[in-house]
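K.L.:
Following this message is one structure expressed as structure tokens.
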Amino acid sequence: MSSKMTASRKLRRFGNLLSESFFDYDTPKMVQIKSWKAGAVNRIVQLLIILYAFGYVIIWEKGYQSSDKVLGSATSKLKGTTYTNFSGNDDIAVDDITPYTRIWDVTDYVIPAQSNGFFVMTNMVLTGNQKRGVCPEDLEFNCTKDTDCLPSRRNGKENGKFTGNCVPSDKEKDTNTCEVLAWCPTELDRKPLSTTAVLGAAENFTVYIKNAITFPKFNFSKKNTEKFGSDEVPYSCRFNNSHKHSKYCPIFQLGTLVEEAGMKFSDLAYKGGVVIINIDWQCNLDHDDAACQPKYSFILPDSEDGFNFRYSKFYRKDGVEYRDLTKAYGILFQIEIFGEAGKFDIVPLMLNIASGVALLSLATVMCDVVVLYFLKKRRYYKECKYQNVSVDNSEVYDVSDVTGAMKLTNSGLLSAHYMKPNSVVTIKQTGNGKTQSRSSLVSGP
């Protein structure tokens with residue numbers, strides 16, 4: 001029985017507590033604190049918020065504009081011819097230099113034609129007049145007996161299928177290699193020159209990059225082939241990143257592209273590599289359309305591994321199919337297009353202004369932290385800031401003159417033990433035909 005009464009009492013007490021807190025009402029109270037420290041914190045925080053919201057977000061970051069990402073494409077056209085003849089060159093690394101003595105034009109060294117990028121062959125290994133048959137393997141697969149040429153020796157680098165025979169090499173005297181069923185003769189994977197590229201002259205070849213972009217949100221389109229601030233036309237200019245007008249020219253020397261990426265053309269041409277051409281369109285459409293021009297930059301991701309691949313040209317002679325195999329080393333130029341355009345819009349401007357105004361309330365929060373937790377008189381400030389008022393506990397005292405009111409207030413009666421704590425005492429003062437009221441909070445015993 002007693003346990004039931006205890007539970008009922010606890011439940012009633014919890015209900016009373018819940019009802020009291022549920023029907024409480026909080027209202028802001030304005031307290032003016034005369035403290036230069038708190039005032040300084042308040043003004044400094046307000047200044048920082050104004051600089052951030054209006055100086056950085058709206059002005060520097062153009063928070064008054066709406067934006068759109070660029071959409072675009074690029075095509076390239078290369079020009080350049082050269083003639084190579086290495087007879088008598090001390091750098092020759094192969095027995096027969098004849099296949100490399102020839103004229104080279106754009107159809108020989110651009111393989112294949114590509115959009116948003118292009119490959120330029122600068123060095124190569126040529127293996128001509130290959131036909132299907134059996135022949136000695138590369139020198140890597142040397143042998144002394146037939147059992148050295150079993151299929152289990154395959155390592156993925158072989159040029160064909162092992163026949164199981166160990167035969168004399170056709171590439172080096174007094175050496176035997178495994179025989180394979182393959183395109184014969186097999187490739188001798190050795191660059192023709194030991195230290196330089198066959199097409200080192202490609203440094204002076206030119207590429208014409210045509211780029212068209214659009215910002216669909218603003219219905220704005222432009223090309224990089226338009227005139228760029230002078231009487232020059234694209235066909236007569238050459239890109240120069242340090243020149244006022246030529247830095248917008250869409251015709252580039254290959255050597256310039258590689259040097260701008262941070263490497264010598266002769267070093268990259270020998271073993272190949274990748275160069276990224278970035279075309280950046282950052283346009284403010286609140287200004288004249290002519291101010292919207294691309295900015296070119298160049299990146300060399302990795303030059304250690306080089307870049308190469310193989311391709312073949314097939315033909316028939318006397319009813320027999322032949323091919324010329326080329327292992328091409330060169331530079332792969334990849335074109336990347338990115339950018340953003342902005343134009344005035346009232347909606348983002350108003351949103352950013354509203355956000356800045358809302359952030360100003362942060363100054364009050366920070367000042368409250370300083371005042372209530374760091375200043376010496378923090379306890380006094382807390383009593384002034386937080387006040388609990390119960391209307392049911394209020395009392396009214398009538399005093400006929402001002403002197404009596406002062407005596408009552410200063411006599412300590414408002415904090416006497418017999419008065420109700422946290423109550424509001426209203427003193428009515430009557431004098432000179434007027435009645436004035438003043439309320440005071442009883443702090444409690």
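Just so we're on the same page: first chain in the structure tokens is A, next is B, and so on; residues restart at 1 for each chain, and ligands are numbered from 1 in the order they show up.
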Could you pull the residues within 7 Å of stretch 57-70 of chain A, counting only C-alpha atoms, minus those fewer than 4 positions along the same chain, as a list in words?
P.N.:
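Near stretch 57-70 of chain A, the qualifying residues are Tyr52, Ala53, Ile213, Thr214, Phe215, Lys217, Phe338, Gly339, Glu340, Ala341, Gly342, Lys343, Phe344, Asp345, Ile346, Pro348, Leu349 and Asn352 of chain A.
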K.L.:
Can you tell me, as a ChimeraX atom specification, which residues in stretch 156-251 of chain A count as helix (DSSP H, G or I) by DSSP?
P.N.:
/A:200-204,216-218,234-236,246-248
K.L.:
Could you please take those selected residues and save N, CA and C atoms as an mmCIF file, in the first residue's frame?
P.N.:
```
data_model
loop_
_atom_site.group_PDB
_atom_site.id
_atom_site.type_symbol
_atom_site.label_atom_id
_atom_site.label_comp_id
_atom_site.auth_asym_id
_atom_site.auth_seq_id
_atom_site.Cartn_x
_atom_site.Cartn_y
_atom_site.Cartn_z
ATOM 1 N N GLY A 200 63.118 14.897 -83.631
ATOM 2 C CA GLY A 200 63.360 16.021 -82.728
ATOM 3 C C GLY A 200 62.916 17.337 -83.326
ATOM 4 N N ALA A 201 62.832 17.396 -84.667
ATOM 5 C CA ALA A 201 62.390 18.620 -85.339
ATOM 6 C C ALA A 201 60.919 18.915 -85.100
ATOM 7 N N ALA A 202 60.180 17.953 -84.524
ATOM 8 C CA ALA A 202 58.761 18.188 -84.234
ATOM 9 C C ALA A 202 58.570 19.326 -83.240
ATOM 10 N N GLU A 203 59.634 19.742 -82.605
ATOM 11 C CA GLU A 203 59.566 20.873 -81.679
ATOM 12 C C GLU A 203 59.029 22.124 -82.363
ATOM 13 N N ASN A 204 59.287 22.253 -83.659
ATOM 14 C CA ASN A 204 58.865 23.443 -84.409
ATOM 15 C C ASN A 204 57.538 23.255 -85.130
ATOM 16 N N PRO A 216 24.914 27.478 -71.297
ATOM 17 C CA PRO A 216 23.496 27.355 -71.692
ATOM 18 C C PRO A 216 22.533 28.153 -70.828
ATOM 19 N N LYS A 217 22.847 28.340 -69.554
ATOM 20 C CA LYS A 217 21.941 29.068 -68.670
ATOM 21 C C LYS A 217 21.767 30.509 -69.122
ATOM 22 N N PHE A 218 22.824 31.096 -69.680
ATOM 23 C CA PHE A 218 22.787 32.489 -70.111
ATOM 24 C C PHE A 218 22.675 32.633 -71.628
ATOM 25 N N PRO A 234 44.231 34.615 -86.242
ATOM 26 C CA PRO A 234 44.837 33.403 -85.691
ATOM 27 C C PRO A 234 45.883 32.747 -86.580
ATOM 28 N N TYR A 235 45.719 32.816 -87.910
ATOM 29 C CA TYR A 235 46.636 32.107 -88.793
ATOM 30 C C TYR A 235 48.041 32.718 -88.809
ATOM 31 N N SER A 236 48.185 33.931 -88.377
ATOM 32 C CA SER A 236 49.499 34.588 -88.416
ATOM 33 C C SER A 236 50.137 34.710 -87.039
ATOM 34 N N SER A 246 49.247 37.836 -77.678
ATOM 35 C CA SER A 246 49.566 36.493 -78.162
ATOM 36 C C SER A 246 49.207 35.398 -77.166
ATOM 37 N N LYS A 247 48.952 35.754 -75.918
ATOM 38 C CA LYS A 247 48.579 34.724 -74.953
ATOM 39 C C LYS A 247 47.181 34.170 -75.229
ATOM 40 N N TYR A 248 46.432 34.796 -76.146
ATOM 41 C CA TYR A 248 45.128 34.294 -76.547
ATOM 42 C C TYR A 248 45.179 33.592 -77.905
#
```
K.L.:
For A:Val274, work out the shell of residues within 8 Å, counting only C-alpha atoms and skipping chain neighbours fewer than 2 positions away, then give it as JSON, numbers by chain.
P.N.:
{"A": [272, 276, 300, 301, 302, 303, 306, 307, 331, 332, 333, 334]}
K.L.:
Which residues are near A:Ile111? Cut-off 8 Å, only C-alpha atoms, ignore same chain within fewer than 3 positions. Put them as a ChimeraX atom specification.
P.N.:
/A:107-108,118-121
K.L.:
Would you work out the distance separating atom CA of A:Phe298 from atom CA of A:Val106, expressed in Å to one decimal?
P.N.:
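If I compute the distance from atom CA of A:Phe298 to atom CA of A:Val106, I get 22.9 Å.
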K.L.:
Could you tell me how far atom CA of A:Trp183 lies from atom CA of A:Val125, in Å and to one decimal?
P.N.:
15.6 Å
K.L.:
Go through A:Ser266, A:Asn211, A:Thr144, A:Thr326 and flag the residue nearest A:Asp174, using only C-alpha atoms for the distances.
P.N.:
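Checking each candidate against A:Asp174, we get A:Thr144 as the closest.
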K.L.:
Do you have the atom CA of A:Leu126-atom CA of A:Pro185 distance handy?
P.N.:
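Atom-to-atom, atom CA of A:Leu126 to atom CA of A:Pro185, that is 11.6 Å.
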